$ cat structure_21.tsv   # TSV, C-alpha atoms
chain	number	residue	atom	x	y	z
N	1	MET	CA	9.12	-20.63	3.98
N	2	ASN	CA	12.05	-19.88	1.70
N	3	VAL	CA	12.38	-16.37	0.21
N	4	GLN	CA	12.96	-17.49	-3.37
N	5	MET	CA	10.27	-20.18	-3.28
N	6	LEU	CA	7.79	-17.71	-1.81
N	7	ARG	CA	8.68	-15.15	-4.49
N	8	ASP	CA	8.19	-17.83	-7.18
N	9	ALA	CA	4.82	-18.83	-5.72
N	10	TYR	CA	3.71	-15.18	-5.81
N	11	MET	CA	4.84	-14.76	-9.42
N	12	GLU	CA	2.86	-17.88	-10.36
N	13	TYR	CA	-0.17	-16.47	-8.51
N	14	ILE	CA	0.04	-13.27	-10.58
N	15	SER	CA	0.36	-15.33	-13.79
N	16	CYS	CA	-2.70	-17.31	-12.69
N	17	LEU	CA	-4.70	-14.07	-12.31
N	18	ASN	CA	-3.55	-12.72	-15.68
N	19	ALA	CA	-4.51	-16.02	-17.33
N	20	GLN	CA	-7.86	-15.96	-15.47
N	21	ASP	CA	-7.00	-19.58	-14.65
N	22	TRP	CA	-9.57	-19.89	-11.85
N	23	PRO	CA	-9.35	-23.71	-11.53
N	24	SER	CA	-5.70	-23.22	-10.41
N	25	LEU	CA	-6.44	-20.47	-7.87
N	26	HIS	CA	-6.57	-22.93	-4.95
N	27	HIS	CA	-2.84	-23.62	-5.43
N	28	PHE	CA	-2.15	-20.05	-4.28
N	29	VAL	CA	-5.06	-19.08	-2.02
N	30	ALA	CA	-5.86	-20.82	1.29
N	31	GLU	CA	-9.31	-22.19	2.10
N	32	THR	CA	-9.43	-19.77	5.04
N	33	ALA	CA	-8.29	-16.71	3.06
N	34	GLN	CA	-9.27	-13.22	4.25
N	35	HIS	CA	-9.23	-10.02	2.19
N	36	ASN	CA	-9.26	-6.67	4.02
N	37	GLY	CA	-10.76	-8.37	7.07
N	38	ARG	CA	-13.47	-10.28	5.18
N	39	HIS	CA	-13.45	-14.09	5.22
N	40	LEU	CA	-13.66	-15.11	1.55
N	41	GLY	CA	-12.07	-18.54	1.23
N	42	VAL	CA	-11.01	-19.68	-2.24
N	43	ALA	CA	-14.58	-19.49	-3.60
N	44	GLY	CA	-15.19	-15.94	-2.41
N	45	TYR	CA	-11.73	-14.85	-3.54
N	46	ARG	CA	-12.44	-16.25	-6.99
N	47	GLU	CA	-15.82	-14.48	-7.12
N	48	MET	CA	-14.07	-11.20	-6.27
N	49	LEU	CA	-11.59	-11.67	-9.13
N	50	VAL	CA	-14.25	-12.73	-11.65
N	51	ARG	CA	-16.21	-9.59	-10.73
N	52	ASP	CA	-13.05	-7.49	-11.16
N	53	TYR	CA	-12.63	-8.83	-14.71
N	54	GLN	CA	-16.30	-8.23	-15.51
N	55	GLN	CA	-15.94	-4.60	-14.43
N	56	ILE	CA	-12.48	-4.22	-16.06
N	57	PRO	CA	-12.25	-6.53	-19.10
N	58	ASP	CA	-8.68	-5.39	-19.95
N	59	LEU	CA	-7.44	-5.86	-16.37
N	60	ARG	CA	-3.80	-6.91	-16.11
N	61	PHE	CA	-1.67	-7.30	-12.97
N	62	ASN	CA	1.85	-5.84	-13.30
N	63	ILE	CA	4.29	-6.09	-10.39
N	64	GLY	CA	6.04	-2.73	-9.92
N	65	LEU	CA	7.78	-3.34	-6.59
N	66	LEU	CA	8.15	-6.39	-4.40
N	67	ALA	CA	9.45	-6.98	-0.88
N	68	VAL	CA	9.56	-10.60	0.26
N	69	GLU	CA	10.13	-11.38	3.93
N	70	PRO	CA	8.40	-14.66	4.82
N	71	PRO	CA	5.63	-15.01	5.81
N	72	ILE	CA	4.91	-11.54	4.35
N	73	ILE	CA	5.02	-10.33	0.75
N	74	ALA	CA	4.38	-6.69	-0.08
N	75	SER	CA	3.68	-5.85	-3.71
N	76	ARG	CA	3.01	-2.64	-5.59
N	77	LEU	CA	0.78	-3.54	-8.50
N	78	ASP	CA	0.56	-1.11	-11.42
N	79	PHE	CA	-2.60	-1.01	-13.52
N	80	ASP	CA	-3.35	0.61	-16.88
N	81	CYS	CA	-6.90	-0.34	-17.74
N	82	THR	CA	-10.43	0.66	-18.66
N	83	PRO	CA	-13.16	0.06	-16.07
N	84	ILE	CA	-16.43	0.00	-17.99
N	85	GLY	CA	-18.69	1.55	-15.33
N	86	ARG	CA	-18.19	2.75	-11.76
N	87	PHE	CA	-14.89	1.82	-10.12
N	88	LEU	CA	-14.01	2.52	-6.47
N	89	ASP	CA	-17.40	4.24	-6.44
N	90	LEU	CA	-16.17	6.69	-9.09
N	91	PRO	CA	-17.82	7.27	-12.51
N	92	VAL	CA	-14.91	6.01	-14.63
N	93	ASN	CA	-17.30	4.84	-17.38
N	94	GLY	CA	-14.84	3.53	-19.96
N	95	LYS	CA	-12.03	6.03	-19.43
N	96	ARG	CA	-8.55	4.51	-19.47
N	97	VAL	CA	-6.84	5.07	-16.10
N	98	GLN	CA	-3.47	4.32	-14.52
N	99	PHE	CA	-3.23	3.62	-10.81
N	100	SER	CA	-1.43	1.44	-8.28
N	101	GLU	CA	-2.38	-0.92	-5.50
N	102	ASN	CA	-0.05	-1.35	-2.52
N	103	VAL	CA	-0.87	-4.74	-1.04
N	104	PHE	CA	0.42	-6.98	1.75
N	105	TYR	CA	-0.09	-10.75	1.85
N	106	GLU	CA	0.50	-13.14	4.72
N	107	PHE	CA	1.29	-16.64	3.48
N	108	VAL	CA	0.88	-19.99	5.25
N	109	ASN	CA	2.47	-22.98	3.51
N	110	TYR	CA	3.05	-20.83	0.41
N	111	LYS	CA	-0.66	-19.97	0.15
N	112	ILE	CA	-2.26	-16.55	0.67
N	113	GLU	CA	-3.96	-16.46	4.06
N	114	LYS	CA	-4.55	-12.73	4.59
N	115	VAL	CA	-4.55	-9.72	2.27
N	116	TRP	CA	-4.38	-6.02	3.21
N	117	SER	CA	-4.90	-4.00	0.04
N	118	VAL	CA	-5.06	-0.26	-0.57
N	119	ILE	CA	-5.84	1.09	-4.05
N	120	ASP	CA	-4.80	4.63	-4.99
N	121	LYS	CA	-8.27	6.13	-5.34
N	122	SER	CA	-6.91	9.69	-5.30
N	123	ALA	CA	-4.90	8.94	-8.48
N	124	VAL	CA	-8.06	7.75	-10.29
N	125	GLU	CA	-10.01	10.80	-9.10
N	126	ALA	CA	-7.30	13.14	-10.40
N	127	GLN	CA	-7.50	11.49	-13.84
N	128	LEU	CA	-11.28	11.94	-13.99
N	129	LEU	CA	-10.86	15.70	-13.42
N	130	ARG	CA	-8.58	16.12	-16.43
R	1	MET	CA	22.41	-3.17	3.31
R	2	ASN	CA	21.77	-5.64	6.11
R	3	VAL	CA	18.16	-6.67	6.85
R	4	GLN	CA	18.32	-6.11	10.60
R	5	MET	CA	20.22	-2.83	10.32
R	6	LEU	CA	17.76	-1.58	7.71
R	7	ARG	CA	14.82	-2.57	9.92
R	8	ASP	CA	16.45	-0.76	12.86
R	9	ALA	CA	17.00	2.36	10.74
R	10	TYR	CA	13.32	2.34	9.75
R	11	MET	CA	12.19	1.92	13.36
R	12	GLU	CA	14.35	4.91	14.33
R	13	TYR	CA	12.85	6.90	11.44
R	14	ILE	CA	9.34	6.20	12.74
R	15	SER	CA	10.42	7.19	16.27
R	16	CYS	CA	11.85	10.40	14.80
R	17	LEU	CA	8.48	11.20	13.19
R	18	ASN	CA	6.53	10.46	16.37
R	19	ALA	CA	8.92	12.69	18.35
R	20	GLN	CA	8.61	15.39	15.64
R	21	ASP	CA	12.40	15.50	15.90
R	22	TRP	CA	12.91	17.37	12.62
R	23	PRO	CA	16.60	18.23	13.20
R	24	SER	CA	17.31	14.46	13.08
R	25	LEU	CA	15.31	13.79	9.91
R	26	HIS	CA	18.39	14.00	7.66
R	27	HIS	CA	19.76	10.86	9.33
R	28	PHE	CA	16.94	8.90	7.69
R	29	VAL	CA	16.00	10.84	4.54
R	30	ALA	CA	18.35	11.39	1.59
R	31	GLU	CA	19.05	14.85	0.15
R	32	THR	CA	17.62	13.58	-3.14
R	33	ALA	CA	14.47	12.04	-1.64
R	34	GLN	CA	11.34	11.66	-3.77
R	35	HIS	CA	7.77	11.10	-2.52
R	36	ASN	CA	5.18	9.73	-4.96
R	37	GLY	CA	7.28	10.98	-7.88
R	38	ARG	CA	7.90	14.48	-6.47
R	39	HIS	CA	11.46	15.60	-5.67
R	40	LEU	CA	11.30	16.87	-2.09
R	41	GLY	CA	14.77	16.51	-0.59
R	42	VAL	CA	15.09	16.59	3.20
R	43	ALA	CA	13.70	20.14	3.40
R	44	GLY	CA	10.59	19.38	1.35
R	45	TYR	CA	10.07	16.09	3.17
R	46	ARG	CA	10.22	17.93	6.49
R	47	GLU	CA	7.74	20.56	5.27
R	48	MET	CA	5.35	17.78	4.24
R	49	LEU	CA	5.55	16.21	7.72
R	50	VAL	CA	5.22	19.55	9.56
R	51	ARG	CA	2.09	20.23	7.49
R	52	ASP	CA	0.75	16.75	8.34
R	53	TYR	CA	1.09	17.53	12.06
R	54	GLN	CA	-0.55	20.95	11.62
R	55	GLN	CA	-3.52	19.28	9.93
R	56	ILE	CA	-3.55	16.32	12.34
R	57	PRO	CA	-2.22	17.44	15.75
R	58	ASP	CA	-2.69	13.98	17.33
R	59	LEU	CA	-0.94	12.18	14.43
R	60	ARG	CA	0.96	9.06	15.46
R	61	PHE	CA	2.70	6.51	13.21
R	62	ASN	CA	2.07	2.88	14.20
R	63	ILE	CA	3.70	0.06	12.23
R	64	GLY	CA	1.13	-2.67	11.58
R	65	LEU	CA	3.04	-4.82	9.09
R	66	LEU	CA	6.59	-4.72	7.80
R	67	ALA	CA	8.46	-6.53	5.00
R	68	VAL	CA	12.16	-5.78	4.75
R	69	GLU	CA	14.06	-6.86	1.65
R	70	PRO	CA	16.98	-4.47	1.01
R	71	PRO	CA	16.92	-2.01	-0.62
R	72	ILE	CA	13.10	-2.05	-0.18
R	73	ILE	CA	10.97	-1.75	2.94
R	74	ALA	CA	7.21	-2.06	2.75
R	75	SER	CA	5.25	-0.89	5.76
R	76	ARG	CA	1.58	-0.81	6.65
R	77	LEU	CA	1.06	2.16	8.94
R	78	ASP	CA	-2.08	2.26	11.07
R	79	PHE	CA	-3.50	5.62	12.12
R	80	ASP	CA	-6.15	6.55	14.70
R	81	CYS	CA	-6.33	10.33	14.68
R	82	THR	CA	-8.36	13.50	14.33
R	83	PRO	CA	-7.70	15.69	11.27
R	84	ILE	CA	-8.94	19.17	12.14
R	85	GLY	CA	-10.14	20.22	8.66
R	86	ARG	CA	-10.16	18.61	5.24
R	87	PHE	CA	-8.04	15.48	4.84
R	88	LEU	CA	-7.45	13.67	1.52
R	89	ASP	CA	-9.85	16.30	0.16
R	90	LEU	CA	-12.58	14.98	2.47
R	91	PRO	CA	-14.48	17.07	5.07
R	92	VAL	CA	-13.22	15.20	8.15
R	93	ASN	CA	-13.46	18.38	10.30
R	94	GLY	CA	-12.41	17.02	13.67
R	95	LYS	CA	-13.93	13.55	13.44
R	96	ARG	CA	-11.73	10.76	14.79
R	97	VAL	CA	-10.89	8.30	12.02
R	98	GLN	CA	-8.96	5.05	11.65
R	99	PHE	CA	-7.19	4.24	8.43
R	100	SER	CA	-4.03	2.67	7.03
R	101	GLU	CA	-1.26	3.68	4.65
R	102	ASN	CA	0.53	0.99	2.63
R	103	VAL	CA	3.90	2.45	1.75
R	104	PHE	CA	7.09	1.32	-0.01
R	105	TYR	CA	10.50	2.91	0.57
R	106	GLU	CA	13.68	2.45	-1.45
R	107	PHE	CA	16.77	3.02	0.67
R	108	VAL	CA	20.29	4.01	-0.37
R	109	ASN	CA	22.94	3.81	2.35
R	110	TYR	CA	20.20	3.29	4.95
R	111	LYS	CA	18.47	6.55	3.95
R	112	ILE	CA	15.06	6.91	2.27
R	113	GLU	CA	15.54	7.74	-1.40
R	114	LYS	CA	12.08	7.04	-2.85
R	115	VAL	CA	8.61	6.64	-1.34
R	116	TRP	CA	5.49	5.19	-2.96
R	117	SER	CA	2.59	5.75	-0.57
R	118	VAL	CA	-1.10	4.90	-0.85
R	119	ILE	CA	-3.53	5.98	1.89
R	120	ASP	CA	-6.84	4.16	2.31
R	121	LYS	CA	-9.15	7.02	1.32
R	122	SER	CA	-12.14	4.67	0.91
R	123	ALA	CA	-11.86	3.72	4.61
R	124	VAL	CA	-12.01	7.39	5.66
R	125	GLU	CA	-14.97	8.05	3.33
R	126	ALA	CA	-16.87	5.10	4.83
R	127	GLN	CA	-16.39	6.51	8.35
R	128	LEU	CA	-17.71	9.93	7.32
R	129	LEU	CA	-20.95	8.30	6.10
R	130	ARG	CA	-21.67	6.68	9.48
$ encode --input "structure_21.tsv" --output "structure tokens"
Amino acid sequence: MNVQMLRDAYMEYISCLNAQDWPSLHHFVAETAQHNGRHLGVAGYREMLVRDYQQIPDLRFNIGLLAVEPPIIASRLDFDCTPIGRFLDLPVNGKRVQFSENVFYEFVNYKIEKVWSVIDKSAVEAQLLR
Amino acid sequence: MNVQMLRDAYMEYISCLNAQDWPSLHHFVAETAQHNGRHLGVAGYREMLVRDYQQIPDLRFNIGLLAVEPPIIASRLDFDCTPIGRFLDLPVNGKRVQFSENVFYEFVNYKIEKVWSVIDKSAVEAQLLR
């Protein structure tokens, strides 16, 4: 896989999420996709994202940092949003919070095959204490 | 910066940490280094690492995934260790835990200038509930 083509595919994937264009998700996510060790496939991956938007209606994916070395992409995603209820098992309950997700993807044929995601829970906790 | 030389520098940095070879740390960390937005410099960076080893005597850095795209390196570090007291503000108290850190580094002249680290606190919490 080519660095620039892989970067472009990832950018299109992020646009797809921000557009909530679920019928296009299979262009970017493999049928055998795994997320943090769980086999989700495209259908399960879509369900996860739909649930994310239900819990965070103003969710928006912003790329803060990117490192592309095929077949791996690492991305730091910056969020500024308002989870309506519990989030990361924390009582956010409609408070606006800023946090990041540092996430690795392994691609096969320009599609996401494996995801290893870590969300900055400590940052959200600190904002709830303010 | 060259991809392979940057990768080699990072591997040497990780070896330096695992050897607790603090006199060599300045070869890998810039005088102006920042960690999660805090200005630490080499001295503050070293203090942070010394404290990590005090709190986790069997700490060992294992690279699980790596994406190198100068000037950025993204690394997933896998840990299997035994924090003696509180860790991430959790009462780990000598329990052996496995968790990962997804971390981005920005390098200048092959030295770490900025770090954006997220540790998987949810994974540690889940192990304390077992």
$ residues_around --input "structure_21.tsv" --residues "region 17-29 of chain R" --least-positions-apart "5" --cutoff "7 Å" --atoms "all atoms listed in the file" --output "number ranges by chain"
R: 42, 46, 60-61, 111-113
$ closest_residue --input "structure_21.tsv" --among "N:Glu101, N:Glu69, N:Glu31, N:Asp58" --to "Gly44 (chain N)" --atoms "all atoms listed in the file"
N:Glu31
$ closest_residue --input "structure_21.tsv" --among "R:Ile84, R:Val118, R:Met1, R:Ile63" --to "Tyr13 (chain R)" --atoms "only C-alpha atoms"
R:Ile63
$ calpha_fit_and_write --input "structure_21.tsv" --fixed "chain N" --moving "chain R" --output "short mmCIF file (atom, residue, chain, number, x, y, z; two decimals) with C-alpha atoms, in the coordinates of the input"
data_model
loop_
_atom_site.label_atom_id
_atom_site.label_comp_id
_atom_site.auth_asym_id
_atom_site.auth_seq_id
_atom_site.Cartn_x
_atom_site.Cartn_y
_atom_site.Cartn_z
CA MET R 1 9.11 -20.61 3.96
CA ASN R 2 12.05 -19.88 1.69
CA VAL R 3 12.38 -16.37 0.19
CA GLN R 4 12.96 -17.49 -3.38
CA MET R 5 10.28 -20.18 -3.29
CA LEU R 6 7.80 -17.70 -1.81
CA ARG R 7 8.66 -15.15 -4.50
CA ASP R 8 8.20 -17.83 -7.18
CA ALA R 9 4.82 -18.82 -5.71
CA TYR R 10 3.70 -15.18 -5.82
CA MET R 11 4.85 -14.78 -9.43
CA GLU R 12 2.85 -17.89 -10.36
CA TYR R 13 -0.17 -16.47 -8.52
CA ILE R 14 0.03 -13.27 -10.58
CA SER R 15 0.37 -15.33 -13.78
CA CYS R 16 -2.70 -17.30 -12.69
CA LEU R 17 -4.69 -14.06 -12.31
CA ASN R 18 -3.55 -12.71 -15.68
CA ALA R 19 -4.51 -16.02 -17.33
CA GLN R 20 -7.86 -15.96 -15.47
CA ASP R 21 -7.00 -19.57 -14.66
CA TRP R 22 -9.56 -19.90 -11.85
CA PRO R 23 -9.33 -23.71 -11.53
CA SER R 24 -5.70 -23.22 -10.40
CA LEU R 25 -6.44 -20.48 -7.86
CA HIS R 26 -6.56 -22.93 -4.93
CA HIS R 27 -2.84 -23.62 -5.43
CA PHE R 28 -2.14 -20.06 -4.28
CA VAL R 29 -5.06 -19.09 -2.02
CA ALA R 30 -5.87 -20.81 1.29
CA GLU R 31 -9.33 -22.19 2.09
CA THR R 32 -9.42 -19.77 5.03
CA ALA R 33 -8.29 -16.70 3.07
CA GLN R 34 -9.27 -13.22 4.25
CA HIS R 35 -9.23 -10.00 2.18
CA ASN R 36 -9.25 -6.66 4.02
CA GLY R 37 -10.76 -8.36 7.08
CA ARG R 38 -13.47 -10.29 5.19
CA HIS R 39 -13.45 -14.10 5.21
CA LEU R 40 -13.65 -15.10 1.55
CA GLY R 41 -12.08 -18.54 1.21
CA VAL R 42 -11.00 -19.68 -2.26
CA ALA R 43 -14.57 -19.49 -3.60
CA GLY R 44 -15.17 -15.93 -2.41
CA TYR R 45 -11.72 -14.85 -3.55
CA ARG R 46 -12.45 -16.25 -7.00
CA GLU R 47 -15.82 -14.47 -7.13
CA MET R 48 -14.08 -11.19 -6.25
CA LEU R 49 -11.59 -11.66 -9.11
CA VAL R 50 -14.25 -12.74 -11.64
CA ARG R 51 -16.20 -9.59 -10.74
CA ASP R 52 -13.03 -7.49 -11.17
CA TYR R 53 -12.62 -8.83 -14.72
CA GLN R 54 -16.31 -8.24 -15.51
CA GLN R 55 -15.93 -4.61 -14.41
CA ILE R 56 -12.50 -4.22 -16.04
CA PRO R 57 -12.26 -6.52 -19.09
CA ASP R 58 -8.70 -5.39 -19.95
CA LEU R 59 -7.44 -5.86 -16.36
CA ARG R 60 -3.81 -6.91 -16.11
CA PHE R 61 -1.67 -7.29 -12.97
CA ASN R 62 1.84 -5.83 -13.30
CA ILE R 63 4.28 -6.08 -10.39
CA GLY R 64 6.04 -2.74 -9.92
CA LEU R 65 7.78 -3.34 -6.59
CA LEU R 66 8.14 -6.39 -4.40
CA ALA R 67 9.47 -6.99 -0.86
CA VAL R 68 9.56 -10.61 0.26
CA GLU R 69 10.12 -11.39 3.93
CA PRO R 70 8.40 -14.68 4.84
CA PRO R 71 5.63 -15.01 5.82
CA ILE R 72 4.91 -11.54 4.33
CA ILE R 73 5.02 -10.31 0.75
CA ALA R 74 4.38 -6.68 -0.08
CA SER R 75 3.69 -5.85 -3.70
CA ARG R 76 3.01 -2.66 -5.59
CA LEU R 77 0.78 -3.55 -8.51
CA ASP R 78 0.56 -1.12 -11.42
CA PHE R 79 -2.60 -1.02 -13.52
CA ASP R 80 -3.34 0.61 -16.89
CA CYS R 81 -6.91 -0.35 -17.73
CA THR R 82 -10.43 0.67 -18.66
CA PRO R 83 -13.18 0.06 -16.08
CA ILE R 84 -16.46 -0.01 -17.99
CA GLY R 85 -18.70 1.54 -15.31
CA ARG R 86 -18.18 2.77 -11.77
CA PHE R 87 -14.89 1.82 -10.13
CA LEU R 88 -14.02 2.52 -6.47
CA ASP R 89 -17.41 4.26 -6.44
CA LEU R 90 -16.16 6.70 -9.09
CA PRO R 91 -17.81 7.28 -12.51
CA VAL R 92 -14.90 6.01 -14.63
CA ASN R 93 -17.30 4.82 -17.39
CA GLY R 94 -14.83 3.53 -19.95
CA LYS R 95 -12.02 6.03 -19.42
CA ARG R 96 -8.53 4.52 -19.46
CA VAL R 97 -6.84 5.07 -16.10
CA GLN R 98 -3.47 4.33 -14.51
CA PHE R 99 -3.22 3.61 -10.83
CA SER R 100 -1.42 1.44 -8.28
CA GLU R 101 -2.39 -0.93 -5.49
CA ASN R 102 -0.05 -1.36 -2.52
CA VAL R 103 -0.87 -4.74 -1.05
CA PHE R 104 0.42 -6.99 1.74
CA TYR R 105 -0.10 -10.76 1.83
CA GLU R 106 0.50 -13.15 4.72
CA PHE R 107 1.29 -16.64 3.50
CA VAL R 108 0.89 -19.99 5.26
CA ASN R 109 2.47 -22.98 3.51
CA TYR R 110 3.05 -20.83 0.41
CA LYS R 111 -0.67 -19.98 0.16
CA ILE R 112 -2.27 -16.56 0.68
CA GLU R 113 -3.98 -16.47 4.07
CA LYS R 114 -4.54 -12.73 4.59
CA VAL R 115 -4.55 -9.71 2.28
CA TRP R 116 -4.39 -6.02 3.22
CA SER R 117 -4.91 -4.01 0.04
CA VAL R 118 -5.05 -0.26 -0.57
CA ILE R 119 -5.85 1.09 -4.05
CA ASP R 120 -4.81 4.62 -4.99
CA LYS R 121 -8.28 6.13 -5.34
CA SER R 122 -6.91 9.70 -5.30
CA ALA R 123 -4.91 8.93 -8.47
CA VAL R 124 -8.06 7.75 -10.28
CA GLU R 125 -10.03 10.80 -9.09
CA ALA R 126 -7.30 13.13 -10.40
CA GLN R 127 -7.50 11.51 -13.85
CA LEU R 128 -11.28 11.93 -14.00
CA LEU R 129 -10.86 15.70 -13.43
CA ARG R 130 -8.56 16.13 -16.45
#
$ atom_distance --input "structure_21.tsv" --atom1 "CA of Arg86 (chain N)" --atom2 "CA of Pro57 (chain N)"
13.2 Å
$ closest_residue --input "structure_21.tsv" --among "N:Ser75, N:Asn36, N:Leu6, N:Asp80" --to "Ala123 (chain R)" --atoms "all atoms listed in the file"
N:Asn36
$ build_atoms --input "structure_21.tsv" --residues "region 62-70 of chain N" --atoms "all heavy atoms" --output "PDB file, in the frame of the given file"
ATOM      1  N   ASN N  62       0.424  -6.057 -13.026  1.00  0.00           N
ATOM      2  CA  ASN N  62       1.850  -5.840 -13.300  1.00  0.00           C
ATOM      3  C   ASN N  62       2.554  -5.525 -11.983  1.00  0.00           C
ATOM      4  O   ASN N  62       2.191  -4.550 -11.307  1.00  0.00           O
ATOM      5  CB  ASN N  62       2.032  -4.652 -14.246  1.00  0.00           C
ATOM      6  CG  ASN N  62       1.293  -4.849 -15.549  1.00  0.00           C
ATOM      7  OD1 ASN N  62       1.655  -5.699 -16.346  1.00  0.00           O
ATOM      8  ND2 ASN N  62       0.234  -4.067 -15.754  1.00  0.00           N
ATOM      9  N   ILE N  63       3.560  -6.312 -11.645  1.00  0.00           N
ATOM     10  CA  ILE N  63       4.290  -6.090 -10.390  1.00  0.00           C
ATOM     11  C   ILE N  63       5.295  -4.959 -10.593  1.00  0.00           C
ATOM     12  O   ILE N  63       6.199  -5.066 -11.419  1.00  0.00           O
ATOM     13  CB  ILE N  63       5.022  -7.361  -9.948  1.00  0.00           C
ATOM     14  CG1 ILE N  63       4.029  -8.496  -9.727  1.00  0.00           C
ATOM     15  CG2 ILE N  63       5.842  -7.098  -8.685  1.00  0.00           C
ATOM     16  CD1 ILE N  63       4.691  -9.847  -9.484  1.00  0.00           C
ATOM     17  N   GLY N  64       5.134  -3.867  -9.838  1.00  0.00           N
ATOM     18  CA  GLY N  64       6.040  -2.730  -9.920  1.00  0.00           C
ATOM     19  C   GLY N  64       7.157  -2.804  -8.896  1.00  0.00           C
ATOM     20  O   GLY N  64       8.310  -2.482  -9.180  1.00  0.00           O
ATOM     21  N   LEU N  65       6.818  -3.218  -7.691  1.00  0.00           N
ATOM     22  CA  LEU N  65       7.780  -3.340  -6.590  1.00  0.00           C
ATOM     23  C   LEU N  65       7.394  -4.556  -5.775  1.00  0.00           C
ATOM     24  O   LEU N  65       6.213  -4.875  -5.659  1.00  0.00           O
ATOM     25  CB  LEU N  65       7.704  -2.127  -5.662  1.00  0.00           C
ATOM     26  CG  LEU N  65       8.276  -0.800  -6.134  1.00  0.00           C
ATOM     27  CD1 LEU N  65       7.793   0.318  -5.217  1.00  0.00           C
ATOM     28  CD2 LEU N  65       9.805  -0.852  -6.152  1.00  0.00           C
ATOM     29  N   LEU N  66       8.406  -5.175  -5.175  1.00  0.00           N
ATOM     30  CA  LEU N  66       8.150  -6.390  -4.400  1.00  0.00           C
ATOM     31  C   LEU N  66       9.111  -6.401  -3.215  1.00  0.00           C
ATOM     32  O   LEU N  66      10.298  -6.078  -3.373  1.00  0.00           O
ATOM     33  CB  LEU N  66       8.404  -7.590  -5.306  1.00  0.00           C
ATOM     34  CG  LEU N  66       7.721  -8.912  -5.039  1.00  0.00           C
ATOM     35  CD1 LEU N  66       6.211  -8.754  -4.956  1.00  0.00           C
ATOM     36  CD2 LEU N  66       8.061  -9.903  -6.153  1.00  0.00           C
ATOM     37  N   ALA N  67       8.595  -6.742  -2.045  1.00  0.00           N
ATOM     38  CA  ALA N  67       9.450  -6.980  -0.880  1.00  0.00           C
ATOM     39  C   ALA N  67       8.987  -8.295  -0.263  1.00  0.00           C
ATOM     40  O   ALA N  67       7.821  -8.432   0.119  1.00  0.00           O
ATOM     41  CB  ALA N  67       9.346  -5.851   0.131  1.00  0.00           C
ATOM     42  N   VAL N  68       9.892  -9.253  -0.209  1.00  0.00           N
ATOM     43  CA  VAL N  68       9.560 -10.600   0.260  1.00  0.00           C
ATOM     44  C   VAL N  68      10.298 -10.850   1.567  1.00  0.00           C
ATOM     45  O   VAL N  68      11.533 -10.859   1.604  1.00  0.00           O
ATOM     46  CB  VAL N  68       9.979 -11.662  -0.780  1.00  0.00           C
ATOM     47  CG1 VAL N  68       9.583 -13.056  -0.310  1.00  0.00           C
ATOM     48  CG2 VAL N  68       9.370 -11.353  -2.144  1.00  0.00           C
ATOM     49  N   GLU N  69       9.551 -10.985   2.638  1.00  0.00           N
ATOM     50  CA  GLU N  69      10.130 -11.380   3.930  1.00  0.00           C
ATOM     51  C   GLU N  69       9.160 -12.345   4.575  1.00  0.00           C
ATOM     52  O   GLU N  69       8.219 -11.930   5.244  1.00  0.00           O
ATOM     53  CB  GLU N  69      10.377 -10.153   4.820  1.00  0.00           C
ATOM     54  CG  GLU N  69      11.178 -10.531   6.045  1.00  0.00           C
ATOM     55  CD  GLU N  69      11.432  -9.360   7.006  1.00  0.00           C
ATOM     56  OE1 GLU N  69      10.612  -8.439   7.067  1.00  0.00           O
ATOM     57  OE2 GLU N  69      12.445  -9.401   7.702  1.00  0.00           O
ATOM     58  N   PRO N  70       9.369 -13.660   4.353  1.00  0.00           N
ATOM     59  CA  PRO N  70       8.400 -14.660   4.820  1.00  0.00           C
ATOM     60  C   PRO N  70       8.032 -14.432   6.297  1.00  0.00           C
ATOM     61  O   PRO N  70       8.932 -14.148   7.085  1.00  0.00           O
ATOM     62  CB  PRO N  70       9.161 -15.979   4.650  1.00  0.00           C
ATOM     63  CG  PRO N  70      10.160 -15.694   3.568  1.00  0.00           C
ATOM     64  CD  PRO N  70      10.537 -14.263   3.731  1.00  0.00           C
TER      65      PRO N  70
END
